[in-house]
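> One structure is given below, represented as structure tokens, and several questions about it will come after.
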Amino acid sequence: MTKQDKPKGGSKVAKWTRRSFLATAGLLGGGLALGLTLSPNRLKMVGAAQASEGALNTWVRITPDNRVTVVFPHSEMGQGAGTGLAQMLAEELEADWDLVEIEQAPVTEDYTNSDLGRGYIVGEGANIPAFMYPMLDFAFLQIAGGVVGQMTGGSTAIRLTGHHGMRRAGAAAREMLVQAAAEEWGVDADSIVARKSMVLHEGSGRSATFGELATKAAEYTPNLKPRLKDSAEYTIVGHSKPRLDLPQKVNGTAQFGMDVRVPGMVFAAIALPPIRDAQATSVDDSAVSGRAGVGRVVNLGDVVAVTAESYWAAKRALDDLQIDWHGGRTNLTSALVRQTHENDLATKEREVMDDAGDVDAAFASGTVVEAEMAVPYLAHATMEPMNCTISVTDDGAEVWVGHQNMMFARNAVAETLGLAPEAVTMHPQYLGGGFGRRGDFDWVTLAARIGGELRQPVKVVWSREMDMTNGLYRPAILARMVGSVEDGRITGLRSHYIDASSGMPDSERPFAFQYDVPTRDIARVKCPSPIPVGTWRAVDFTQMGFFHETLMDEMAQAAGADELAFRLAHTSDPRIRTVLERLGAEADWGKDLPDGTAQGLAMVKSFEAIVAQVVQARIGSDGGVRVEEVTSVVDCGRLINPNAGHAQVTGSVIFGLTSALYGEITLDGGAIQQVNFPDYEMMRLAEAPAQKVVFIESDEAPGGLGEPAVPPVTPALTNAIFRATGTRIRELPIGKHGFHGV
Amino acid sequence: MTTTFTLNGAGVTAEVDPDMPLLWVVRDHLGLTGTKFGCGIAACGACTMHVDGVATRTCVLPVSAVEGARVTTIEGVSNGENLSPVQQAWLDHQVPQCGYCQSGMIMAAEALLAENPKPTDDDIDAAITNICRCGTYDRVRAAIHSVAKQKGEAL
């Protein structure tokens, strides 16, 4: 593990409303509150005096006690976003890291991260990743007509808020502090340096703390284009600063949504339809009526809720209700979904996504590889089941929830309750896992409906069973892949696939083949899923990565080529080449291994990061698959926090392997068949492989890191299984081919 | 019905249904929310507490079963502001990601190290069966080994 500094500082998830926040900013008086105001056509910074007027975005607050507070508009779900963003700002500010704290921003339009992206695109012509464009057009997550959310997903916090916003806010604040000292001391600003939250004039030996200068500094107009540091000067960015949220996460004090308690609150347990789209036509509550501690029974048709003074009492009362569920799509089965995919792919008109040359002509000669590949529905299974606490009154609503899109969540609650968005106050909480599940709104609007009915503060808690059987799943899809090779070269490639509308924008191009192939036919058939689907960590790259990297191995086999050499022979991208070459060395690719043990490899670029992995697996004669080692080589551009980055990669490897070994959600009779962990197994510590993570040093703009190490690990594993056994895995999980994890 | 037991060193009497699992008594009635609800069927370990020193999944343990017992939660592990060696190792190794499972994970590790101060990898494999969806397992293992090593050096 990377060497670290001692943990210092602290953090909190803010509980204040917009009003109280602005009041605080005003009361500070003696401090500097600096925001970055970004609107579509202009970019400016504002000081404390204007703070209540402008649309404030990226924030830093410097108080007279010399503390620096970084206010960040993202959610903390384990990725360390707050710490990383604070590092980026503190670096440019020249802050003393030990004096830096973080706070999650209040949920108002003022802090939305998409405004930030818009401002820079229009104002600065900055190079925003393609992934962002749909979000800039408000199309992300297909929310029509809404304002943008405080979105945490697509690895955008560091890529956008940090790279374009936090750095500049920090640098501008530093310049203002230096200017304040220059005027105070009557010296040239160029003769003053800022260092460790101090401003120093070497000629006279004078010095002052940021806190002492903040009040005066706040009077200046911030520089729109402050000087940014050269990366060679970095002392905070690129260093493994301990995450500021972790002290609370080792002593039980971190407050997750599940832990919220508000005055007068009751707990609600809920039953959702056991069969898709069934309705509760009647509820017999005679068994619980009058039971001590049990409150009300609410039947909203698609959900039945019971309240009580503890969750357990509510759950037991729920179990004792006689609910008549009627209707529902009882004919829905996994076999039907598969059959629909087969039919649609064979018969429906395809939408061309990327094509070049004459593929049929290419397939007329050489060796042709054809494969049908399929991946299943997957649940997110966050450790913290869905929950949301809400208090609805005649005047508005207050919501306590850990969510990846706080602004959208606020608007969804407002719309559900017929309130103005400003009448809904959000209280962000820590997320006990997100992975995309907490980017959607179904559980929040459900709580709003229950809360609106009760008119009493209520925490709506999903049991694990409700959570697993009512997810927004990673879509099951199917692909027909064809490739041809001749003289060691890929001559043609066809990828026809089902698009089940996960919500990922096409602009991120998950369907694009990531190697150089001159003749391509990549096309889809849209086939919306009959059950709700959503974004699952790394989204469509998890499916496409498996299809493409499986075919790549099959084509290498057809060419009689080494899998690594074959990939290198088909990429001219210097960054991908570097990653692959380094992987070969780090994993000792091709090393001698005992019979039944083999390496497999795969590479996927996603969210502006390239990840290539070698999996070494031992396969027993009974089909037991033991993942022994995983080597990941990562080029994510500039690495903000190596230790936190390492954690994201190793965690992603476990997440991806879990899906390859065990992950499958199936349907029968309109019901999800996996209801709790024994049916939807997770990789445990005893199975976890040894891991090696290598980052390519880079000065490129930071890419994502929360997701990109998920997609390649599955095909790397299945390619290893092929090399060990000769069995090609074309459907997931590996149990489809008689293998199982051990 | 009342159940009396010791919680983090202090005597408590809970006037609740004796069937109510210890997890919910502690979280909803006694207000200590550091211990988490994950699955409700003792499959994930998020609800792990110590009952008379033994790591126990409390989401299915009726409170009546701890009558007279010594119960410790994550809130009772540190000595005031001073973190336990396991908690400190968790920080040193930056173990948590989302953090939701880590109370249970730490309680399982505390119990393992109390019983077996120098666990082997196999011992850790057998004792730490909690689910961490963020996949922090490599750091959990490293942190446990580091505590064992420190204890060895202190002797």
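How things are named: the first chain in the structure tokens is A, the next is B, and so on; residues count from 1 in each chain; ligands count from 1 in the order shown.
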For range 124-126 of chain B, work out the shell of residues within 8 Å, counting only C-alpha atoms and skipping chain neighbours fewer than 3 positions away, then give it as an NGL selection string.
(:A and (685-686)) or (:B and (112 or 119-121 or 129 or 141))
> Next, the residues of the selection above should be written as an mmCIF file, in the first residue's frame with all heavy atoms.

data_model
loop_
_atom_site.group_PDB
_atom_site.id
_atom_site.type_symbol
_atom_site.label_atom_id
_atom_site.label_comp_id
_atom_site.auth_asym_id
_atom_site.auth_seq_id
_atom_site.Cartn_x
_atom_site.Cartn_y
_atom_site.Cartn_z
ATOM 1 N N LEU A 685 -14.265 -12.336 1.550
ATOM 2 C CA LEU A 685 -12.834 -12.133 1.777
ATOM 3 C C LEU A 685 -12.010 -13.363 1.422
ATOM 4 O O LEU A 685 -10.942 -13.263 0.804
ATOM 5 C CB LEU A 685 -12.608 -11.720 3.241
ATOM 6 C CG LEU A 685 -11.176 -11.431 3.662
ATOM 7 C CD1 LEU A 685 -11.138 -10.266 4.643
ATOM 8 C CD2 LEU A 685 -10.510 -12.655 4.276
ATOM 9 N N ALA A 686 -12.505 -14.555 1.799
ATOM 10 C CA ALA A 686 -11.725 -15.772 1.566
ATOM 11 C C ALA A 686 -11.463 -16.028 0.083
ATOM 12 O O ALA A 686 -10.492 -16.688 -0.285
ATOM 13 C CB ALA A 686 -12.442 -16.981 2.191
ATOM 14 N N LEU B 112 -11.943 -11.696 16.416
ATOM 15 C CA LEU B 112 -10.924 -12.633 15.934
ATOM 16 C C LEU B 112 -9.598 -12.406 16.665
ATOM 17 O O LEU B 112 -8.974 -13.351 17.162
ATOM 18 C CB LEU B 112 -10.726 -12.467 14.423
ATOM 19 C CG LEU B 112 -9.479 -13.145 13.825
ATOM 20 C CD1 LEU B 112 -9.574 -14.667 13.956
ATOM 21 C CD2 LEU B 112 -9.288 -12.750 12.367
ATOM 22 N N PRO B 119 -3.502 -14.266 13.852
ATOM 23 C CA PRO B 119 -4.219 -15.116 12.898
ATOM 24 C C PRO B 119 -3.458 -15.280 11.590
ATOM 25 O O PRO B 119 -2.809 -14.353 11.117
ATOM 26 C CB PRO B 119 -5.535 -14.363 12.672
ATOM 27 C CG PRO B 119 -5.222 -12.940 12.977
ATOM 28 C CD PRO B 119 -4.149 -12.955 14.025
ATOM 29 N N THR B 120 -3.543 -16.465 11.027
ATOM 30 C CA THR B 120 -2.992 -16.711 9.690
ATOM 31 C C THR B 120 -3.999 -16.246 8.647
ATOM 32 O O THR B 120 -5.143 -15.926 8.981
ATOM 33 C CB THR B 120 -2.739 -18.209 9.473
ATOM 34 O OG1 THR B 120 -4.009 -18.885 9.528
ATOM 35 C CG2 THR B 120 -1.814 -18.793 10.541
ATOM 36 N N ASP B 121 -3.582 -16.258 7.389
ATOM 37 C CA ASP B 121 -4.535 -15.923 6.329
ATOM 38 C C ASP B 121 -5.738 -16.854 6.370
ATOM 39 O O ASP B 121 -6.881 -16.424 6.172
ATOM 40 C CB ASP B 121 -3.854 -16.000 4.955
ATOM 41 C CG ASP B 121 -3.118 -14.710 4.620
ATOM 42 O OD1 ASP B 121 -3.552 -13.638 5.087
ATOM 43 O OD2 ASP B 121 -2.106 -14.776 3.895
ATOM 44 N N THR B 129 -16.332 -13.324 7.404
ATOM 45 C CA THR B 129 -17.223 -13.736 6.327
ATOM 46 C C THR B 129 -18.244 -12.639 6.002
ATOM 47 O O THR B 129 -19.196 -12.873 5.268
ATOM 48 C CB THR B 129 -17.949 -15.039 6.695
ATOM 49 O OG1 THR B 129 -18.646 -14.826 7.933
ATOM 50 C CG2 THR B 129 -16.967 -16.182 6.872
ATOM 51 N N ARG B 141 -7.789 -7.504 5.372
ATOM 52 C CA ARG B 141 -6.783 -8.518 5.695
ATOM 53 C C ARG B 141 -5.480 -7.858 6.146
ATOM 54 O O ARG B 141 -4.896 -8.235 7.170
ATOM 55 C CB ARG B 141 -6.522 -9.407 4.477
ATOM 56 C CG ARG B 141 -5.570 -10.568 4.750
ATOM 57 C CD ARG B 141 -5.170 -11.290 3.464
ATOM 58 N NE ARG B 141 -6.272 -11.872 2.723
ATOM 59 C CZ ARG B 141 -6.869 -13.026 3.043
ATOM 60 N NH1 ARG B 141 -6.453 -13.723 4.090
ATOM 61 N NH2 ARG B 141 -7.859 -13.487 2.309
#
> What are the closest atom pairs, with distances in Å to one decimal, for all residues of chain A lying within 6 Å of chain B? Consider only C-alpha atoms, order rows by chain and residue number, and present the result as a Markdown table.

| residue | atom | partner | partner_atom | distance |
| --- | --- | --- | --- | --- |
| A:Met77 | CA | B:Cys98 | CA | 4.9 |
| A:Gly78 | CA | B:Cys98 | CA | 3.4 |
| A:Lys249 | CA | B:Gly99 | CA | 5.4 |
| A:Val250 | CA | B:Gln87 | CA | 5.8 |
| A:Gly252 | CA | B:Gly34 | CA | 3.9 |
| A:Asp259 | CA | B:Thr33 | CA | 5.7 |
| A:Ser310 | CA | B:Asp28 | CA | 5.6 |
| A:Met383 | CA | B:Gly38 | CA | 5.7 |
| A:Glu384 | CA | B:Gly38 | CA | 5.9 |
| A:Gly432 | CA | B:Tyr100 | CA | 4.9 |
| A:Gly433 | CA | B:Cys98 | CA | 5.6 |
| A:Arg464 | CA | B:Cys39 | CA | 5.1 |
| A:Gly651 | CA | B:Gly135 | CA | 4.2 |
| A:Ile654 | CA | B:Gly135 | CA | 5.3 |
| A:Leu685 | CA | B:Tyr137 | CA | 5.2 |
| A:Ala686 | CA | B:Asp125 | CA | 4.4 |
> Kindly export the residues of the current selection with all heavy atoms, as a compact mmCIF listing (two decimals), in the first residue's frame.

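To be explicit, this is the file written out as out_25.txt:
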# COMPACT_ATOMS: atom_id res chain seq x y z
N MET A 77 -20.13 8.34 -1.49
CA MET A 77 -20.63 6.96 -1.43
C MET A 77 -19.48 5.97 -1.36
O MET A 77 -19.64 4.81 -1.72
CB MET A 77 -21.54 6.68 -2.63
CG MET A 77 -20.94 7.02 -3.98
SD MET A 77 -22.21 6.86 -5.27
CE MET A 77 -21.26 7.26 -6.73
N GLY A 78 -18.34 6.47 -0.92
CA GLY A 78 -17.22 5.56 -0.74
C GLY A 78 -16.06 5.83 -1.66
O GLY A 78 -14.99 5.26 -1.53
N LYS A 249 -16.07 6.72 9.98
CA LYS A 249 -16.50 5.42 9.46
C LYS A 249 -15.81 4.25 10.15
O LYS A 249 -16.01 3.11 9.76
CB LYS A 249 -16.29 5.37 7.94
CG LYS A 249 -17.27 6.32 7.20
CD LYS A 249 -17.12 6.29 5.70
CE LYS A 249 -18.21 7.16 5.05
NZ LYS A 249 -18.07 7.22 3.58
N VAL A 250 -14.98 4.56 11.15
CA VAL A 250 -14.40 3.46 11.95
C VAL A 250 -14.94 3.47 13.38
O VAL A 250 -14.65 2.55 14.14
CB VAL A 250 -12.85 3.49 11.98
CG1 VAL A 250 -12.29 3.40 10.56
CG2 VAL A 250 -12.32 4.70 12.72
N GLY A 252 -18.38 4.33 14.07
CA GLY A 252 -19.84 4.20 14.08
C GLY A 252 -20.59 5.51 14.08
O GLY A 252 -21.81 5.51 14.17
N ASP A 259 -29.66 5.85 9.36
CA ASP A 259 -29.45 6.21 10.76
C ASP A 259 -30.18 7.49 11.18
O ASP A 259 -30.10 7.90 12.34
CB ASP A 259 -27.95 6.40 11.03
CG ASP A 259 -27.14 5.18 10.60
OD1 ASP A 259 -27.67 4.06 10.70
OD2 ASP A 259 -25.99 5.36 10.16
N SER A 310 -40.75 1.10 15.86
CA SER A 310 -39.43 0.61 15.47
C SER A 310 -39.59 -0.05 14.10
O SER A 310 -40.70 -0.42 13.71
CB SER A 310 -38.87 -0.42 16.47
OG SER A 310 -39.51 -1.67 16.31
N MET A 383 -24.95 -2.23 0.26
CA MET A 383 -25.05 -2.80 1.61
C MET A 383 -26.16 -2.13 2.42
O MET A 383 -26.78 -2.77 3.26
CB MET A 383 -23.71 -2.68 2.34
CG MET A 383 -22.63 -3.61 1.84
SD MET A 383 -23.15 -5.34 1.70
CE MET A 383 -23.42 -5.73 3.42
N GLU A 384 -26.36 -0.86 2.19
CA GLU A 384 -27.46 -0.16 2.87
C GLU A 384 -28.70 -0.28 1.98
O GLU A 384 -28.74 0.29 0.88
CB GLU A 384 -27.12 1.32 3.07
CG GLU A 384 -28.22 2.12 3.76
CD GLU A 384 -27.99 3.64 3.70
OE1 GLU A 384 -27.16 4.08 2.89
OE2 GLU A 384 -28.65 4.36 4.47
N GLY A 432 -24.66 4.38 1.84
CA GLY A 432 -24.10 3.06 2.09
C GLY A 432 -24.02 2.27 0.79
O GLY A 432 -24.62 1.22 0.63
N GLY A 433 -23.25 2.83 -0.11
CA GLY A 433 -23.13 2.27 -1.47
C GLY A 433 -24.11 2.94 -2.42
O GLY A 433 -25.23 3.27 -2.04
N ARG A 464 -34.15 -6.09 2.79
CA ARG A 464 -33.25 -6.57 1.75
C ARG A 464 -34.04 -7.25 0.63
O ARG A 464 -33.73 -7.13 -0.55
CB ARG A 464 -32.22 -7.55 2.35
CG ARG A 464 -31.33 -8.25 1.34
CD ARG A 464 -30.49 -7.28 0.50
NE ARG A 464 -29.62 -6.47 1.33
CZ ARG A 464 -28.93 -5.43 0.88
NH1 ARG A 464 -29.01 -5.06 -0.38
NH2 ARG A 464 -28.18 -4.73 1.70
N GLY A 651 -11.46 -2.39 -5.36
CA GLY A 651 -12.89 -2.60 -5.08
C GLY A 651 -13.65 -2.92 -6.35
O GLY A 651 -14.54 -3.78 -6.35
N ILE A 654 -13.26 -6.56 -7.29
CA ILE A 654 -14.16 -7.44 -6.53
C ILE A 654 -15.59 -7.33 -7.07
O ILE A 654 -16.30 -8.34 -7.23
CB ILE A 654 -14.14 -7.07 -5.02
CG1 ILE A 654 -12.72 -7.18 -4.44
CG2 ILE A 654 -15.13 -7.93 -4.24
CD1 ILE A 654 -12.12 -8.55 -4.47
N LEU A 685 -14.26 -12.34 1.55
CA LEU A 685 -12.83 -12.13 1.78
C LEU A 685 -12.01 -13.36 1.42
O LEU A 685 -10.94 -13.26 0.80
CB LEU A 685 -12.61 -11.72 3.24
CG LEU A 685 -11.18 -11.43 3.66
CD1 LEU A 685 -11.14 -10.27 4.64
CD2 LEU A 685 -10.51 -12.66 4.28
N ALA A 686 -12.51 -14.56 1.80
CA ALA A 686 -11.73 -15.77 1.57
C ALA A 686 -11.46 -16.03 0.08
O ALA A 686 -10.49 -16.69 -0.29
CB ALA A 686 -12.44 -16.98 2.19
> If you count only C-alpha atoms, which residues fall within 6 Å of range 186-196 of chain A, apart from same-chain ones fewer than 6 positions away, as an mmCIF file with all heavy atoms, in the first residue's frame?

data_model
loop_
_atom_site.group_PDB
_atom_site.id
_atom_site.type_symbol
_atom_site.label_atom_id
_atom_site.label_comp_id
_atom_site.auth_asym_id
_atom_site.auth_seq_id
_atom_site.Cartn_x
_atom_site.Cartn_y
_atom_site.Cartn_z
ATOM 1 N N GLU A 94 -2.709 26.823 -1.889
ATOM 2 C CA GLU A 94 -1.520 26.708 -1.029
ATOM 3 C C GLU A 94 -1.936 26.607 0.440
ATOM 4 O O GLU A 94 -1.365 27.228 1.336
ATOM 5 C CB GLU A 94 -0.553 27.892 -1.223
ATOM 6 C CG GLU A 94 0.029 27.995 -2.622
ATOM 7 C CD GLU A 94 1.030 26.881 -2.951
ATOM 8 O OE1 GLU A 94 1.308 26.025 -2.077
ATOM 9 O OE2 GLU A 94 1.509 26.861 -4.107
ATOM 10 N N ALA A 95 -2.975 25.841 0.668
ATOM 11 C CA ALA A 95 -3.468 25.663 2.035
ATOM 12 C C ALA A 95 -2.635 24.627 2.779
ATOM 13 O O ALA A 95 -2.011 23.760 2.173
ATOM 14 C CB ALA A 95 -4.927 25.209 1.994
ATOM 15 N N ASP A 96 -2.638 24.751 4.077
ATOM 16 C CA ASP A 96 -2.066 23.719 4.942
ATOM 17 C C ASP A 96 -3.115 22.607 5.034
ATOM 18 O O ASP A 96 -4.218 22.832 5.548
ATOM 19 C CB ASP A 96 -1.800 24.321 6.329
ATOM 20 C CG ASP A 96 -1.204 23.297 7.293
ATOM 21 O OD1 ASP A 96 -1.265 22.082 7.016
ATOM 22 O OD2 ASP A 96 -0.682 23.730 8.339
ATOM 23 N N GLN A 179 -2.902 39.522 -2.701
ATOM 24 C CA GLN A 179 -3.155 40.938 -2.981
ATOM 25 C C GLN A 179 -3.453 41.698 -1.680
ATOM 26 O O GLN A 179 -2.996 42.826 -1.479
ATOM 27 C CB GLN A 179 -4.345 41.059 -3.945
ATOM 28 C CG GLN A 179 -4.529 42.470 -4.494
ATOM 29 C CD GLN A 179 -5.766 42.579 -5.376
ATOM 30 O OE1 GLN A 179 -6.312 41.565 -5.821
ATOM 31 N NE2 GLN A 179 -6.203 43.801 -5.626
#
> Using DSSP on the backbone coordinates, identify all residues within chain B classified as alpha helix (DSSP H); present the result as JSON, numbers by chain.
{"B": [22, 23, 24, 85, 86, 87, 88, 89, 90, 91, 92, 102, 103, 104, 105, 106, 107, 108, 109, 110, 111, 112, 113, 114, 115, 121, 122, 123, 124, 125, 126, 127, 137, 138, 139, 140, 141, 142, 143, 144, 145, 146, 147, 148, 149, 150, 151, 152, 153, 154]}
> Report, in Å to a single decimal, how far apart CA of Ala720 in chain A and CA of Pro594 in chain A are.
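CA of Ala720 in chain A lies 13.1 Å from CA of Pro594 in chain A.
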> So that I can check the secondary structure, give me every residue of range 263-384 of chain A assigned strand (DSSP E or B) by backbone DSSP, as number ranges by chain.
A: 266-271, 279-284, 294-299, 304-308, 322-326, 351-356, 367-375, 377-378
> Using only C-alpha atoms, pick whichever of A:Thr389, A:Ala538, A:Val693, A:Ser75 has the shortest atom-to-atom distance to Pro263 in chain A.
A:Thr389
> Got a sec: who's within 8 Å of Asn641 in chain A, counting only C-alpha atoms, leaving out chain neighbours fewer than 2 positions off, as number ranges by chain?
A: 84, 237-241, 639, 643-645
> Considering only C-alpha atoms, return as an MDAnalysis selection string whatever protein or nucleic-acid residues lie within 7 Å of Gly82 in chain A, sequence-local ones (same chain, fewer than 6 positions apart) excluded.
chainID A and resid 72 76 102
> Write the residues of the selection above to a file with C-alpha atoms, as a PDB file, in the first residue's frame.

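Written output follows (result-v8.pdb):
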ATOM      1  CA  PHE A  72     -18.488  20.212  -2.665  1.00  0.00           C
ATOM      2  CA  GLU A  76     -19.976  10.617  -0.707  1.00  0.00           C
ATOM      3  CA  ILE A 102     -14.971  19.375   3.787  1.00  0.00           C
TER       4      ILE A 102
END
